[in-house]
$ cat start_6.txt   # compact mmCIF, C-alpha atoms
# COMPACT_ATOMS: atom_id res chain seq x y z
CA MET A 1 47.77 -64.40 65.15
CA PRO A 2 49.15 -67.96 65.74
CA GLY A 3 52.69 -66.62 65.31
CA LYS A 4 52.05 -63.84 67.78
CA ARG A 5 50.58 -66.27 70.29
CA VAL A 6 53.63 -68.52 70.01
CA LEU A 7 55.89 -65.49 70.55
CA GLN A 8 53.93 -64.46 73.61
CA MET A 9 54.03 -67.91 75.17
CA ALA A 10 57.74 -68.26 74.39
CA GLY A 11 58.33 -64.95 76.17
CA LEU A 12 56.33 -66.06 79.20
CA ILE A 13 58.06 -69.44 79.44
CA THR A 14 61.47 -67.79 79.00
CA GLY A 15 60.63 -65.35 81.78
CA VAL A 16 59.59 -68.16 84.15
CA ILE A 17 62.83 -70.08 83.49
CA THR A 18 64.96 -66.92 83.75
CA VAL A 19 63.51 -66.03 87.15
CA GLN A 20 64.28 -69.49 88.50
CA LEU A 21 67.85 -69.36 87.21
CA LEU A 22 68.36 -65.89 88.67
CA THR A 23 67.26 -67.08 92.11
CA ARG A 24 69.72 -69.93 91.84
CA PHE A 25 72.72 -67.85 90.83
CA THR A 26 71.97 -65.06 93.30
CA GLY A 27 71.37 -67.39 96.23
CA THR A 28 67.76 -66.28 96.62
CA GLY A 29 66.09 -69.63 96.07
CA TYR A 30 63.78 -68.90 98.98
CA PHE A 31 61.92 -66.50 96.68
CA LEU A 32 60.60 -69.51 94.79
CA THR A 33 58.24 -70.32 97.66
CA GLN A 34 56.41 -67.00 97.32
CA LEU A 35 56.60 -67.10 93.53
CA THR A 36 54.96 -70.54 93.55
CA MET A 37 52.18 -69.34 95.83
CA SER A 38 51.77 -66.22 93.68
CA ALA A 39 51.32 -68.42 90.62
CA TYR A 40 48.42 -70.26 92.25
CA TYR A 41 46.78 -67.01 93.33
CA SER A 42 47.25 -65.70 89.79
CA LEU A 43 45.25 -68.66 88.52
CA VAL A 44 42.27 -67.29 90.46
CA ILE A 45 42.92 -63.79 89.13
CA ILE A 46 43.04 -64.62 85.42
CA GLY A 47 39.82 -66.61 85.78
CA LEU A 48 38.22 -63.63 87.52
CA CYS A 49 39.57 -61.34 84.78
CA LEU A 50 37.64 -63.38 82.22
CA LEU A 51 34.46 -63.03 84.27
CA ILE A 52 34.76 -59.31 85.01
CA GLY A 53 36.58 -57.97 81.99
CA TYR A 54 34.94 -59.99 79.24
CA ALA A 55 31.58 -61.19 80.57
CA GLY A 56 31.10 -57.98 82.57
CA GLN A 57 30.03 -59.83 85.74
CA ILE A 58 31.46 -58.66 89.06
CA SER A 59 32.21 -61.25 91.75
CA LEU A 60 33.19 -60.59 95.35
CA GLY A 61 32.95 -64.24 96.33
CA HIS A 62 35.80 -65.93 94.50
CA ALA A 63 37.72 -66.47 97.73
CA GLY A 64 34.81 -68.72 98.66
CA PHE A 65 35.38 -70.90 95.58
CA PHE A 66 39.11 -71.02 96.32
CA ALA A 67 38.34 -72.13 99.88
CA MET A 68 35.84 -74.75 98.69
CA GLY A 69 38.50 -76.46 96.61
CA GLY A 70 41.14 -76.26 99.31
CA TYR A 71 38.96 -77.30 102.24
CA ILE A 72 37.22 -80.19 100.50
CA SER A 73 40.51 -81.63 99.26
CA ALA A 74 42.11 -81.11 102.68
CA LEU A 75 39.21 -82.79 104.46
CA LEU A 76 39.17 -85.81 102.16
CA THR A 77 42.91 -86.34 102.54
CA THR A 78 43.07 -85.88 106.33
CA TYR A 79 39.82 -87.30 107.71
CA ASN A 80 40.53 -90.77 109.09
CA LEU A 81 38.20 -93.42 107.63
CA LEU A 82 40.02 -96.32 109.28
CA PRO A 83 37.27 -96.87 111.91
CA TYR A 84 34.89 -97.56 109.01
CA LYS A 85 37.13 -99.98 107.11
CA ASP A 86 34.68 -102.85 107.63
CA ASN A 87 31.98 -100.96 105.78
CA ALA A 88 31.26 -102.53 102.37
CA ILE A 89 31.62 -99.24 100.47
CA ILE A 90 34.88 -98.38 102.23
CA ALA A 91 36.22 -101.87 101.51
CA VAL A 92 35.47 -101.47 97.80
CA LEU A 93 37.13 -98.06 97.71
CA MET A 94 40.22 -99.54 99.36
CA LYS A 95 40.43 -102.33 96.79
CA THR A 96 40.20 -99.88 93.90
CA GLY A 97 42.98 -97.73 95.37
CA ILE A 98 40.75 -94.70 95.88
CA LEU A 99 41.41 -94.97 99.61
CA VAL A 100 44.93 -95.55 100.89
CA VAL A 101 46.63 -95.84 104.26
CA ARG A 102 49.42 -93.57 105.46
CA THR A 103 51.11 -92.69 108.74
CA ASN A 104 50.50 -89.22 110.16
CA LEU A 105 52.91 -87.03 112.11
CA TYR A 106 52.05 -88.81 115.34
CA GLY A 107 52.85 -92.26 114.01
CA SER A 108 49.22 -93.35 113.71
CA GLU A 109 47.79 -94.93 110.59
CA ILE A 110 44.94 -93.14 108.83
CA LEU A 111 42.80 -94.13 105.87
CA TYR A 112 42.19 -91.29 103.43
CA PHE A 113 41.28 -90.46 99.84
CA GLN A 114 43.99 -90.33 97.19
CA PRO A 115 44.82 -86.65 96.49
CA TRP A 116 43.92 -87.10 92.79
CA VAL A 117 40.46 -88.33 93.75
CA ALA A 118 40.11 -85.61 96.37
CA CYS A 119 41.04 -82.99 93.77
CA ILE A 120 38.44 -84.24 91.29
CA ILE A 121 35.74 -84.34 93.98
CA ALA A 122 36.66 -80.87 95.29
CA VAL A 123 36.62 -79.21 91.88
CA SER A 124 33.44 -81.04 90.84
CA MET A 125 31.60 -79.96 93.98
CA THR A 126 32.74 -76.36 93.50
CA VAL A 127 31.57 -76.40 89.88
CA LEU A 128 28.22 -77.85 90.96
CA VAL A 129 27.74 -75.13 93.59
CA ALA A 130 28.74 -72.42 91.10
CA TYR A 131 26.30 -73.81 88.55
CA LEU A 132 23.41 -74.05 91.00
CA ILE A 133 23.81 -70.57 92.45
CA GLY A 134 25.08 -68.94 89.25
CA GLY A 135 21.74 -69.16 87.47
CA PRO A 136 19.74 -67.02 89.89
CA ILE A 137 22.64 -64.77 90.95
CA LEU A 138 23.64 -63.80 87.41
CA LYS A 139 20.14 -62.54 86.71
CA LEU A 140 21.10 -59.60 88.90
CA LYS A 141 23.08 -56.64 87.62
CA GLY A 142 25.40 -53.97 88.96
CA HIS A 143 25.72 -53.59 92.72
CA TYR A 144 22.97 -56.18 93.28
CA LEU A 145 25.17 -58.83 91.65
CA ALA A 146 28.18 -57.67 93.70
CA MET A 147 26.20 -57.93 96.94
CA ALA A 148 24.90 -61.40 96.06
CA THR A 149 28.38 -62.78 95.36
CA LEU A 150 29.65 -61.04 98.49
CA GLY A 151 26.95 -62.86 100.44
CA LEU A 152 28.13 -66.17 98.99
CA GLY A 153 31.68 -65.45 100.11
CA ILE A 154 30.54 -64.55 103.61
CA ILE A 155 28.52 -67.77 103.90
CA VAL A 156 31.54 -69.91 102.98
CA TYR A 157 33.77 -67.95 105.37
CA ARG A 158 31.39 -68.33 108.32
CA ILE A 159 30.92 -72.06 107.64
CA VAL A 160 34.64 -72.87 107.65
CA LEU A 161 35.32 -70.52 110.57
CA GLY A 162 32.52 -71.80 112.78
CA SER A 163 32.56 -75.52 111.96
CA ALA A 164 34.64 -77.95 114.01
CA PHE A 165 34.50 -80.26 110.99
CA PHE A 166 36.70 -77.77 109.11
CA GLY A 167 38.96 -76.96 112.04
CA GLU A 168 37.28 -73.67 112.94
CA ALA A 169 39.84 -70.84 113.33
CA ASP A 170 42.77 -73.28 113.13
CA GLY A 171 41.77 -74.64 109.74
CA LEU A 172 42.97 -78.02 108.48
CA SER A 173 46.59 -79.13 108.63
CA GLU A 174 48.71 -82.22 107.92
CA VAL A 175 47.47 -82.26 104.31
CA PRO A 176 49.65 -84.80 102.45
CA ALA A 177 51.65 -84.18 99.31
CA PHE A 178 49.78 -84.43 96.00
CA THR A 179 51.60 -86.92 93.78
CA LEU A 180 50.94 -85.98 90.16
CA LEU A 181 53.29 -88.52 88.59
CA PRO A 182 55.91 -90.87 90.02
CA GLY A 183 58.64 -88.60 91.37
CA LEU A 184 56.60 -85.44 90.80
CA LYS A 185 54.51 -84.14 93.67
CA VAL A 186 52.99 -80.94 94.99
CA SER A 187 54.60 -80.34 98.35
CA GLY A 188 56.20 -77.55 100.34
CA ASN A 189 59.27 -79.67 101.07
CA LEU A 190 62.45 -77.72 100.30
CA SER A 191 63.88 -80.67 98.37
CA VAL A 192 61.20 -80.25 95.69
CA ARG A 193 60.97 -76.45 95.73
CA ILE A 194 62.20 -76.00 92.16
CA SER A 195 59.96 -78.71 90.69
CA ASN A 196 56.98 -77.21 92.52
CA TYR A 197 57.77 -73.81 91.05
CA TYR A 198 57.55 -75.30 87.55
CA ILE A 199 54.43 -77.31 88.42
CA ALA A 200 52.64 -74.14 89.52
CA TRP A 201 53.72 -72.16 86.48
CA GLY A 202 52.99 -75.05 84.14
CA LEU A 203 49.43 -75.05 85.45
CA VAL A 204 49.15 -71.28 85.03
CA ILE A 205 50.53 -71.38 81.49
CA ILE A 206 48.07 -74.11 80.44
CA ALA A 207 45.17 -72.14 81.91
CA PHE A 208 46.46 -68.92 80.36
CA ILE A 209 46.72 -70.41 76.87
CA THR A 210 43.20 -71.77 77.28
CA LEU A 211 41.83 -68.34 78.17
CA LEU A 212 43.73 -66.52 75.41
CA ASN A 213 42.32 -68.92 72.84
CA LEU A 214 38.88 -68.58 74.39
CA VAL A 215 38.76 -64.78 74.21
CA ASP A 216 39.91 -64.88 70.58
CA SER A 217 37.19 -67.33 69.64
CA ARG A 218 33.51 -66.96 68.85
CA VAL A 219 32.81 -67.35 72.58
CA GLY A 220 35.13 -64.45 73.34
CA ARG A 221 33.36 -62.23 70.83
CA ALA A 222 30.03 -63.15 72.40
CA LEU A 223 31.35 -62.27 75.86
CA ARG A 224 32.60 -58.89 74.61
CA SER A 225 29.20 -58.16 73.12
CA ILE A 226 27.53 -59.04 76.44
CA HIS A 227 29.91 -56.76 78.28
CA GLY A 228 29.33 -53.92 75.84
CA ALA A 229 25.54 -54.17 75.51
CA GLU A 230 23.81 -57.18 77.00
CA ASP A 231 20.34 -56.30 75.73
CA ALA A 232 21.60 -55.75 72.20
CA SER A 233 23.51 -59.05 72.30
CA SER A 234 20.38 -60.87 73.39
CA ALA A 235 18.40 -59.20 70.62
CA VAL A 236 20.75 -60.52 67.92
CA GLY A 237 20.55 -64.09 69.21
CA VAL A 238 23.36 -64.39 71.75
CA ASN A 239 22.34 -66.67 74.62
CA THR A 240 23.53 -64.25 77.29
CA ALA A 241 22.36 -66.32 80.26
CA LYS A 242 24.25 -69.39 79.04
CA TYR A 243 27.49 -67.51 78.31
CA LYS A 244 27.44 -65.68 81.65
CA LEU A 245 26.75 -68.86 83.60
CA ASN A 246 29.44 -70.88 81.80
CA THR A 247 31.99 -68.13 82.35
CA PHE A 248 31.07 -67.92 86.03
CA VAL A 249 31.44 -71.69 86.41
CA LEU A 250 34.77 -71.73 84.55
CA SER A 251 36.23 -68.96 86.70
CA ALA A 252 35.00 -70.78 89.83
CA ALA A 253 36.72 -73.97 88.61
CA PHE A 254 40.00 -72.08 88.18
CA ALA A 255 39.71 -70.75 91.73
CA SER A 256 38.94 -74.22 93.07
CA ILE A 257 41.90 -75.83 91.30
CA ALA A 258 44.17 -73.13 92.68
CA GLY A 259 42.78 -73.79 96.16
CA VAL A 260 43.44 -77.52 95.88
CA PHE A 261 47.03 -77.16 94.68
CA LEU A 262 48.00 -74.40 97.12
CA THR A 263 46.50 -76.34 100.03
CA HIS A 264 48.62 -79.39 99.23
CA TYR A 265 51.64 -77.16 98.65
CA ASN A 266 51.24 -75.44 102.04
CA GLY A 267 50.15 -78.61 103.81
CA GLY A 268 47.02 -76.95 105.14
CA ILE A 269 44.44 -74.20 104.76
CA GLY A 270 42.88 -71.66 107.12
CA PRO A 271 39.66 -69.59 107.11
CA SER A 272 41.52 -66.44 106.03
CA GLU A 273 41.58 -67.89 102.50
CA ALA A 274 37.78 -67.50 102.40
CA SER A 275 37.68 -64.00 103.86
CA VAL A 276 35.98 -61.07 102.14
CA MET A 277 39.28 -59.20 101.91
CA LYS A 278 40.73 -62.03 99.84
CA SER A 279 37.95 -61.51 97.30
CA VAL A 280 38.52 -57.75 97.38
CA ARG A 281 42.21 -58.38 96.77
CA TYR A 282 41.49 -60.47 93.68
CA VAL A 283 39.18 -57.78 92.26
CA ALA A 284 41.75 -55.06 93.04
CA ILE A 285 44.47 -56.92 91.17
CA VAL A 286 42.23 -57.45 88.15
CA ALA A 287 41.45 -53.73 88.20
CA VAL A 288 45.13 -52.76 88.34
CA GLY A 289 46.06 -55.08 85.49
CA GLY A 290 43.15 -53.99 83.34
CA MET A 291 39.62 -55.33 83.45
CA ALA A 292 39.89 -56.94 80.00
CA ASN A 293 43.63 -57.55 79.93
CA LEU A 294 44.66 -61.10 80.76
CA TRP A 295 48.34 -60.23 80.48
CA GLY A 296 47.94 -57.31 82.84
CA ALA A 297 46.01 -59.44 85.33
CA LEU A 298 48.71 -62.12 85.27
CA ILE A 299 51.61 -59.69 85.65
CA MET A 300 50.04 -57.68 88.46
CA GLY A 301 48.76 -60.85 90.11
CA VAL A 302 52.27 -62.24 90.42
CA LEU A 303 53.87 -58.92 91.39
CA LEU A 304 51.39 -57.78 94.05
CA ASN A 305 50.93 -61.21 95.58
CA PHE A 306 54.68 -61.70 95.75
CA LEU A 307 55.14 -58.36 97.54
CA SER A 308 52.31 -59.22 99.91
CA LEU A 309 53.65 -62.69 100.69
CA ARG A 310 57.13 -61.27 101.30
CA GLY A 311 55.60 -58.95 103.91
CA TYR A 312 56.39 -55.65 102.19
CA PHE A 313 52.98 -54.25 103.13
CA GLY A 314 53.27 -55.34 106.75
CA SER A 315 50.17 -55.10 108.90
CA PHE A 316 48.58 -52.76 106.34
CA ASP A 317 48.24 -55.55 103.79
CA ASP A 318 44.45 -55.46 103.48
CA ALA A 319 44.41 -51.67 103.63
CA VAL A 320 46.86 -51.49 100.72
CA PHE A 321 44.68 -53.60 98.44
CA GLY A 322 41.55 -51.74 99.46
CA GLY A 323 43.31 -48.46 98.71
CA ILE A 324 44.57 -49.78 95.37
CA LEU A 325 41.02 -50.62 94.32
CA ILE A 326 39.75 -47.13 95.21
CA VAL A 327 42.60 -45.33 93.45
CA ILE A 328 42.34 -47.43 90.29
CA MET A 329 38.59 -46.94 90.04
CA LEU A 330 39.02 -43.16 90.44
CA PHE A 331 42.02 -42.48 88.24
CA ALA A 332 42.73 -45.47 85.97
CA PRO A 333 39.57 -47.55 85.49
CA GLU A 334 41.14 -49.30 82.48
CA GLY A 335 44.07 -50.47 84.60
CA LEU A 336 47.75 -49.59 84.64
CA ILE A 337 48.93 -52.13 82.06
CA ARG A 338 47.37 -51.22 78.74
CA VAL A 339 50.31 -51.40 76.36
CA ASP A 340 50.75 -54.56 74.32
CA ILE A 341 54.39 -55.29 75.19
CA PHE A 342 54.87 -57.86 72.47
CA ARG A 343 53.50 -55.57 69.76
CA TYR A 344 55.76 -52.77 71.01
CA LEU A 345 58.87 -54.95 70.93
CA LYS A 346 58.05 -56.24 67.46
CA ARG A 347 57.73 -52.72 66.11
CA ALA A 348 60.84 -51.58 67.93
CA VAL A 349 62.85 -54.37 66.29
CA SER A 350 61.44 -53.56 62.86
CA GLY A 351 62.24 -49.87 63.34
CA GLU A 352 58.62 -48.76 63.19
CA LYS A 353 57.20 -46.13 65.45
CA ALA A 354 55.58 -47.74 68.48
CA GLY A 355 52.98 -45.87 70.33
CA GLU A 356 49.71 -47.55 69.66
CA GLN A 357 47.98 -48.86 72.76
CA ASN A 358 46.07 -52.10 72.67
CA ASP A 359 42.36 -52.38 73.16
CA GLY A 360 42.81 -54.36 76.40
CA SER A 361 42.01 -57.72 74.87
CA SER A 362 45.66 -58.89 74.54
$ encode --input "start_6.txt" --output "structure tokens"
Amino acid sequence: MPGKRVLQMAGLITGVITVQLLTRFTGTGYFLTQLTMSAYYSLVIIGLCLLIGYAGQISLGHAGFFAMGGYISALLTTYNLLPYKDNAIIAVLMKTGILVVRTNLYGSEILYFQPWVACIIAVSMTVLVAYLIGGPILKLKGHYLAMATLGLGIIVYRIVLGSAFFGEADGLSEVPAFTLLPGLKVSGNLSVRISNYYIAWGLVIIAFITLLNLVDSRVGRALRSIHGAEDASSAVGVNTAKYKLNTFVLSAAFASIAGVFLTHYNGGIGPSEASVMKSVRYVAIVAVGGMANLWGALIMGVLLNFLSLRGYFGSFDDAVFGGILIVIMLFAPEGLIRVDIFRYLKRAVSGEKAGEQNDGSS
């Protein structure tokens, strides 16, 4: 298993590097912008795949968690605290470097939170919200659970759309670059387009390895048992409530992190990121890739988001994803990607007959 995992990760990393080199030699470097954004959206999708495919809990509110991360980080890094600089707490935060001064687009100085601090606060608040609402919501099952998470998403959407504090329909803009290390920052500036592509994919690969190890662990086996027969799992001693809640919180954290990074990459965020159709899109992509197939979710997440961001679906974008979800549920409920590519290639090289399909757990 460790050898197989190394082979899989080597293949993924090689693919990421190959794509970047191809865009360079073919003069299509502009594709990297959409590929970077697709990577961040895929971070939401693989987290949702863990929740739906392994824990068996449907969520139609993950766009809300994405928006929480993005909006909170954007607000903390754009709201001007300079008028309050004489406040004792603000003064202490300035001395510790948590608050810094920068010049905005209009030449005015503003006092704001460091992006690293804003990121930690944004993700922590999202996790707290997910934990507080996850307990009662996850007691529901089936369409009741779906409706409850849908309600959560609608609440977040209406708050950011109707609140002047969050920019209403215009959203928040002028979000500064997120400096990770000296000389390495998350920004949409063309001069750092390649480095941002690798930052996004580095984040996805770290998260992906974490999830692959998780589903192959004792926790993963517990989640599969909950998905297969929750009552039976509870009867044999599995703490189903704890596992479901922790999985829900983890997937919310992934969505929040993606929201933070994409907001700093784009330099802003709008209420469309919290819309119901965004949540439907995430669920549709998980369904296409395979409910319990992290590899399928990742591949289809990148592909479909890239096509959407490039405008291939035009004004029918939302309709396409809604239609995809209906078709998959009717004709391919296990998803389109069910073949373990790495197992197939290994057998092909060894000359063995390849035809066995995986069980969806990759």
$ atom_distance --input "start_6.txt" --atom1 "atom CA of Gln57 of chain A" --atom2 "atom CA of Asn293 of chain A"
15.0 Å
$ closest_residue --input "start_6.txt" --among "A:Val192, A:Met68, A:Val215, A:Leu22" --to "Ala258 of chain A" --atoms "all atoms listed in the file"
A:Met68
$ closest_residue --input "start_6.txt" --among "A:Ser173, A:Val288, A:Leu309, A:Gly296" --to "Gly323 of chain A" --atoms "all atoms listed in the file"
A:Val288
$ atom_distance --input "start_6.txt" --atom1 "atom CA of Gly135 of chain A" --atom2 "atom CA of Leu161 of chain A"
26.8 Å
$ residues_near_point --input "start_6.txt" --point "(26.5, -64.5, 97.9)" --cutoff "12 Å" --atoms "all atoms listed in the file" --output "number ranges by chain"
A: 58-65, 129-130, 133-134, 136-138, 140, 144-157, 276, 279
$ closest_residue --input "start_6.txt" --among "A:Lys95, A:Arg281, A:Lys141, A:Arg158" --to "Ala67 of chain A" --atoms "only C-alpha atoms"
A:Arg158
$ closest_residue --input "start_6.txt" --among "A:Met37, A:Ala255, A:Leu75, A:Val6" --to "Ser187 of chain A" --atoms "all atoms listed in the file"
A:Met37
$ atom_distance --input "start_6.txt" --atom1 "atom CA of Thr179 of chain A" --atom2 "atom CA of Asp86 of chain A"
27.1 Å
$ closest_residue --input "start_6.txt" --among "A:Gly301, A:Gly70, A:Gly311, A:Gly290" --to "Tyr54 of chain A" --atoms "only C-alpha atoms"
A:Gly290
$ closest_residue --input "start_6.txt" --among "A:Lys85, A:Lys244, A:His227, A:Arg193" --to "Asn266 of chain A" --atoms "only C-alpha atoms"
A:Arg193
$ residues_around --input "start_6.txt" --residues "segment 195-212 of chain A" --least-positions-apart "3" --cutoff "7 Å" --atoms "all atoms listed in the file" --output "PyMOL selection string"
chain A and resi 32+36+39-40+43+186+192+215-216
$ residues_near_point --input "start_6.txt" --point "(41.9, -95.2, 107.4)" --cutoff "7 Å" --atoms "all atoms listed in the file" --output "ChimeraX atom specification"
/A:80-83,85,101,109-112
$ residues_around --input "start_6.txt" --residues "Thr77 of chain A" --least-positions-apart "3" --cutoff "12 Å" --atoms "only C-alpha atoms" --output "mmCIF file with C-alpha atoms, in the frame of the given file"
data_model
loop_
_atom_site.group_PDB
_atom_site.id
_atom_site.type_symbol
_atom_site.label_atom_id
_atom_site.label_comp_id
_atom_site.auth_asym_id
_atom_site.auth_seq_id
_atom_site.Cartn_x
_atom_site.Cartn_y
_atom_site.Cartn_z
ATOM 1 C CA GLY A 70 41.140 -76.260 99.310
ATOM 2 C CA TYR A 71 38.960 -77.300 102.240
ATOM 3 C CA ILE A 72 37.220 -80.190 100.500
ATOM 4 C CA SER A 73 40.510 -81.630 99.260
ATOM 5 C CA ALA A 74 42.110 -81.110 102.680
ATOM 6 C CA ASN A 80 40.530 -90.770 109.090
ATOM 7 C CA LEU A 81 38.200 -93.420 107.630
ATOM 8 C CA ILE A 98 40.750 -94.700 95.880
ATOM 9 C CA LEU A 99 41.410 -94.970 99.610
ATOM 10 C CA VAL A 100 44.930 -95.550 100.890
ATOM 11 C CA VAL A 101 46.630 -95.840 104.260
ATOM 12 C CA ARG A 102 49.420 -93.570 105.460
ATOM 13 C CA ASN A 104 50.500 -89.220 110.160
ATOM 14 C CA ILE A 110 44.940 -93.140 108.830
ATOM 15 C CA LEU A 111 42.800 -94.130 105.870
ATOM 16 C CA TYR A 112 42.190 -91.290 103.430
ATOM 17 C CA PHE A 113 41.280 -90.460 99.840
ATOM 18 C CA GLN A 114 43.990 -90.330 97.190
ATOM 19 C CA PRO A 115 44.820 -86.650 96.490
ATOM 20 C CA TRP A 116 43.920 -87.100 92.790
ATOM 21 C CA VAL A 117 40.460 -88.330 93.750
ATOM 22 C CA ALA A 118 40.110 -85.610 96.370
ATOM 23 C CA CYS A 119 41.040 -82.990 93.770
ATOM 24 C CA ILE A 121 35.740 -84.340 93.980
ATOM 25 C CA ALA A 122 36.660 -80.870 95.290
ATOM 26 C CA LEU A 172 42.970 -78.020 108.480
ATOM 27 C CA SER A 173 46.590 -79.130 108.630
ATOM 28 C CA GLU A 174 48.710 -82.220 107.920
ATOM 29 C CA VAL A 175 47.470 -82.260 104.310
ATOM 30 C CA PRO A 176 49.650 -84.800 102.450
ATOM 31 C CA ALA A 177 51.650 -84.180 99.310
ATOM 32 C CA PHE A 178 49.780 -84.430 96.000
ATOM 33 C CA VAL A 260 43.440 -77.520 95.880
ATOM 34 C CA THR A 263 46.500 -76.340 100.030
ATOM 35 C CA HIS A 264 48.620 -79.390 99.230
ATOM 36 C CA GLY A 267 50.150 -78.610 103.810
ATOM 37 C CA GLY A 268 47.020 -76.950 105.140
#
$ decode --input "start_6.txt" --residues "segment 270-281 of chain A" --atoms "N, CA and C atoms" --output "PDB file, in the first residue's frame"
ATOM      1  N   GLY A 270     -17.366  37.848  -4.153  1.00  0.00           N
ATOM      2  CA  GLY A 270     -18.725  38.328  -4.307  1.00  0.00           C
ATOM      3  C   GLY A 270     -19.726  37.328  -3.766  1.00  0.00           C
ATOM      4  N   PRO A 271     -20.999  37.744  -3.621  1.00  0.00           N
ATOM      5  CA  PRO A 271     -22.016  36.863  -3.038  1.00  0.00           C
ATOM      6  C   PRO A 271     -22.322  35.618  -3.862  1.00  0.00           C
ATOM      7  N   SER A 272     -21.963  35.606  -5.134  1.00  0.00           N
ATOM      8  CA  SER A 272     -22.223  34.419  -5.960  1.00  0.00           C
ATOM      9  C   SER A 272     -21.496  33.199  -5.427  1.00  0.00           C
ATOM     10  N   GLU A 273     -20.386  33.417  -4.703  1.00  0.00           N
ATOM     11  CA  GLU A 273     -19.632  32.295  -4.144  1.00  0.00           C
ATOM     12  C   GLU A 273     -20.403  31.583  -3.045  1.00  0.00           C
ATOM     13  N   ALA A 274     -21.436  32.235  -2.491  1.00  0.00           N
ATOM     14  CA  ALA A 274     -22.235  31.623  -1.433  1.00  0.00           C
ATOM     15  C   ALA A 274     -23.592  31.144  -1.937  1.00  0.00           C
ATOM     16  N   SER A 275     -23.814  31.224  -3.245  1.00  0.00           N
ATOM     17  CA  SER A 275     -25.125  30.901  -3.795  1.00  0.00           C
ATOM     18  C   SER A 275     -25.437  29.402  -3.696  1.00  0.00           C
ATOM     19  N   VAL A 276     -26.715  29.091  -3.742  1.00  0.00           N
ATOM     20  CA  VAL A 276     -27.158  27.696  -3.679  1.00  0.00           C
ATOM     21  C   VAL A 276     -26.605  26.896  -4.857  1.00  0.00           C
ATOM     22  N   MET A 277     -26.558  27.520  -6.025  1.00  0.00           N
ATOM     23  CA  MET A 277     -26.077  26.805  -7.212  1.00  0.00           C
ATOM     24  C   MET A 277     -24.606  26.421  -7.088  1.00  0.00           C
ATOM     25  N   LYS A 278     -23.840  27.175  -6.329  1.00  0.00           N
ATOM     26  CA  LYS A 278     -22.452  26.781  -6.091  1.00  0.00           C
ATOM     27  C   LYS A 278     -22.406  25.473  -5.307  1.00  0.00           C
ATOM     28  N   SER A 279     -23.272  25.355  -4.307  1.00  0.00           N
ATOM     29  CA  SER A 279     -23.329  24.120  -3.526  1.00  0.00           C
ATOM     30  C   SER A 279     -23.804  22.960  -4.377  1.00  0.00           C
ATOM     31  N   VAL A 280     -24.795  23.213  -5.239  1.00  0.00           N
ATOM     32  CA  VAL A 280     -25.285  22.175  -6.148  1.00  0.00           C
ATOM     33  C   VAL A 280     -24.166  21.740  -7.085  1.00  0.00           C
ATOM     34  N   ARG A 281     -23.378  22.686  -7.543  1.00  0.00           N
ATOM     35  CA  ARG A 281     -22.251  22.375  -8.431  1.00  0.00           C
ATOM     36  C   ARG A 281     -21.258  21.445  -7.742  1.00  0.00           C
TER      37      ARG A 281
END
